[in-house]
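Structure first, commentary second.
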Amino acid sequence: MSEYPNELIRKRHLPDGTEVTIRPIRPEDSVMEQEFARHLSEDSRYCRFMGHVAELPEKKLRYFTDVDYERHMALVATVARDGKELEIGVARYVATAQPNSCEFAVTVDDAWQGTGIAGLLMLALIDSARAHGYRTMEGKVLRTNFKMLKFARQLGFVARRDPEDGDTVTVVKPL
């Protein structure tokens, strides 16, 4: 695993003035990540995990939080609440078998959707992927997840039907 990339930590402000920290995830964030997943609505969990998930199994939680910051990057968006850090969104990429290509996922807490968090996370994630030499970013989206498909188009992703899976659409963006 690479050294923690402190240079990726950024403070941003939402239009309402709320200060948000965008930073790489750490292994010690596992409790915060689990709380984030539990707090998502059933619909948001279904769209993210493409299945019904009540909470993250230990192995998946470890995978999500113990990343190498090169082939697997995860950025969290947090706010300060009651003296502690609260995760309100996460975006990640993982290298694919194709050279110079990575697959992304992004999830924002239901209460924070529509605030610009997803855009902040994705722009930082795209910058990180470019810096690590990736030339293409892609993602799998449920074909019924219209908000995500619209968001991907706004970021410059092109949607393609998945011939092997009629339930998903692949969105692709050259970096």
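Residue names in the structure tokens use chain letters A, B, ... in the order shown, residue numbers from 1 in each chain, and ligand numbers from 1 in the order shown.
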
Report the closest atom pair, with its distance in Å rounded to one decimal, for each residue of range 57-120 of chain A that has an atom no farther than 6 Å from range 22-32 of chain A; count only C-alpha atoms, sort by chain and then rising residue number, and write it as a Markdown table.
| residue | atom | partner | partner_atom | distance |
| --- | --- | --- | --- | --- |
| A:Thr65 | CA | A:Pro27 | CA | 4.8 |
| A:Asp66 | CA | A:Pro27 | CA | 4.7 |
| A:Ala74 | CA | A:Ile25 | CA | 5.6 |
| A:Leu75 | CA | A:Pro24 | CA | 4.3 |
| A:Val76 | CA | A:Arg23 | CA | 5.5 |
| A:Ala77 | CA | A:Ile22 | CA | 4.6 |

Contacts of Phe157 in chain A at 12 Å (only C-alpha atoms; same-chain gap of 4+ positions) as a PyMOL selection string: chain A and resi 104+122+126+136-141+148-153+169-175

Selection near Pro5 in chain A, 8 Å with only C-alpha atoms, sequence-local residues under 3 positions removed, as JSON, numbers by chain: {"A": [8, 9, 24, 69]}

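Picture a line from CA of Ile88 in chain A to CA of Lys11 in chain A; it runs 14.0 Å.
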
Name the residues in contact with Ser128 in chain A at a cut-off of 9 Å, using only C-alpha atoms, excluding same-chain residues fewer than 4 positions from it; report them as a JSON list (two decimals) with N, CA and C atoms, in the first residue's frame.
[["chain", "number", "residue", "atom", "x", "y", "z"],
["A", 8, "LEU", "N", -4.20, 15.12, -1.26],
["A", 8, "LEU", "CA", -5.55, 15.05, -1.83],
["A", 8, "LEU", "C", -6.63, 15.59, -0.89],
["A", 70, "GLU", "N", -3.66, 3.81, -5.39],
["A", 70, "GLU", "CA", -3.20, 3.85, -6.77],
["A", 70, "GLU", "C", -4.15, 3.05, -7.65],
["A", 73, "MET", "N", -8.64, 3.69, -5.31],
["A", 73, "MET", "CA", -8.73, 4.98, -4.60],
["A", 73, "MET", "C", -10.16, 5.18, -4.14],
["A", 123, "LEU", "N", -15.19, 14.98, -9.47],
["A", 123, "LEU", "CA", -14.12, 15.77, -10.08],
["A", 123, "LEU", "C", -12.78, 15.47, -9.42],
["A", 124, "ALA", "N", -12.78, 15.32, -8.10],
["A", 124, "ALA", "CA", -11.54, 14.96, -7.40],
["A", 124, "ALA", "C", -11.09, 13.55, -7.77],
["A", 132, "HIS", "N", -2.84, 9.15, -11.86],
["A", 132, "HIS", "CA", -2.29, 7.79, -11.76],
["A", 132, "HIS", "C", -2.21, 7.10, -13.12],
["A", 133, "GLY", "N", -2.41, 7.85, -14.19],
["A", 133, "GLY", "CA", -2.20, 7.32, -15.53],
["A", 133, "GLY", "C", -3.39, 6.64, -16.18],
["A", 134, "TYR", "N", -4.55, 6.71, -15.56],
["A", 134, "TYR", "CA", -5.73, 6.10, -16.18],
["A", 134, "TYR", "C", -6.20, 6.97, -17.33]]

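Computed from the coordinates, the CA of Val67 in chain A to CA of Ala159 in chain A distance equals 27.7 Å.
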
Filtered DSSP result for chain A, state strand (DSSP E), as a PyMOL selection string: chain A and resi 10-13+19-24+72-81+84-95+101-108+136-142+158-161+168-174

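Pairwise distance (CA of Gly83 in chain A, CA of Ala105 in chain A) equals 28.6 Å.
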
Residues within 7 Å of range 115-120 of chain A, only C-alpha atoms, excluding chain neighbours under 3 positions, as a list of chain:residue names: A:Leu14, A:Gly89, A:Val106, A:Val108, A:Trp112, A:Leu123, A:Ala124

Using only C-alpha atoms: which of A:Arg143, A:Arg161, A:Arg81, A:Arg130 has the shortest distance to Val20 in chain A: A:Arg81

For Val79 in chain A, please output as an mmCIF file with N, CA and C atoms, in the first residue's frame all residues within 9 Å (counting only C-alpha atoms; exclusion window: fewer than 4 positions along the same chain).
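Output saved as out07.cif:
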data_model
loop_
_atom_site.group_PDB
_atom_site.id
_atom_site.type_symbol
_atom_site.label_atom_id
_atom_site.label_comp_id
_atom_site.auth_asym_id
_atom_site.auth_seq_id
_atom_site.Cartn_x
_atom_site.Cartn_y
_atom_site.Cartn_z
ATOM 1 N N THR A 18 -21.870 25.409 3.861
ATOM 2 C CA THR A 18 -21.393 24.253 4.626
ATOM 3 C C THR A 18 -19.998 23.864 4.175
ATOM 4 N N GLU A 19 -19.084 23.710 5.148
ATOM 5 C CA GLU A 19 -17.726 23.267 4.822
ATOM 6 C C GLU A 19 -17.692 21.743 4.751
ATOM 7 N N VAL A 20 -17.131 21.247 3.658
ATOM 8 C CA VAL A 20 -17.019 19.809 3.412
ATOM 9 C C VAL A 20 -15.544 19.470 3.220
ATOM 10 N N THR A 21 -15.110 18.386 3.811
ATOM 11 C CA THR A 21 -13.761 17.894 3.586
ATOM 12 C C THR A 21 -13.836 16.729 2.613
ATOM 13 N N LYS A 84 -17.572 15.351 15.749
ATOM 14 C CA LYS A 84 -16.957 14.226 15.044
ATOM 15 C C LYS A 84 -17.209 14.340 13.549
ATOM 16 N N GLU A 85 -16.493 13.514 12.809
ATOM 17 C CA GLU A 85 -16.580 13.515 11.357
ATOM 18 C C GLU A 85 -17.746 12.633 10.920
ATOM 19 N N LEU A 86 -18.588 13.163 10.048
ATOM 20 C CA LEU A 86 -19.732 12.427 9.515
ATOM 21 C C LEU A 86 -19.551 12.264 8.016
ATOM 22 N N GLU A 87 -19.546 11.034 7.545
ATOM 23 C CA GLU A 87 -19.424 10.769 6.110
ATOM 24 C C GLU A 87 -20.755 11.038 5.433
ATOM 25 N N ILE A 88 -20.700 11.849 4.359
ATOM 26 C CA ILE A 88 -21.918 12.174 3.625
ATOM 27 C C ILE A 88 -21.859 11.715 2.176
#

Among listed residues A:Ala111, A:Tyr4, A:Arg135, A:Lys147, nearest Thr96 in chain A (using only C-alpha atoms): A:Arg135

Which of range 5-162 of chain A DSSP labels alpha helix (DSSP H), written as a PyMOL selection string: chain A and resi 30-39+42-49+58-65+117-131+146-154

Residue with smallest distance to Leu125 in chain A - pool A:Asp110, A:Val90, A:Asn6, A:Val158, counting only C-alpha atoms: A:Val90

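For the set A:His72, A:Ala80, A:Phe146, A:Asp162, the residue with the smallest atom-to-atom gap to Ala129 in chain A is A:His72, counting only C-alpha atoms.
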
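Of the residues listed (A:Leu121, A:Tyr93, A:Ala37, A:Glu103), A:Leu121 shows the shortest atom-to-atom separation from Arg12 in chain A; distances use only C-alpha atoms.
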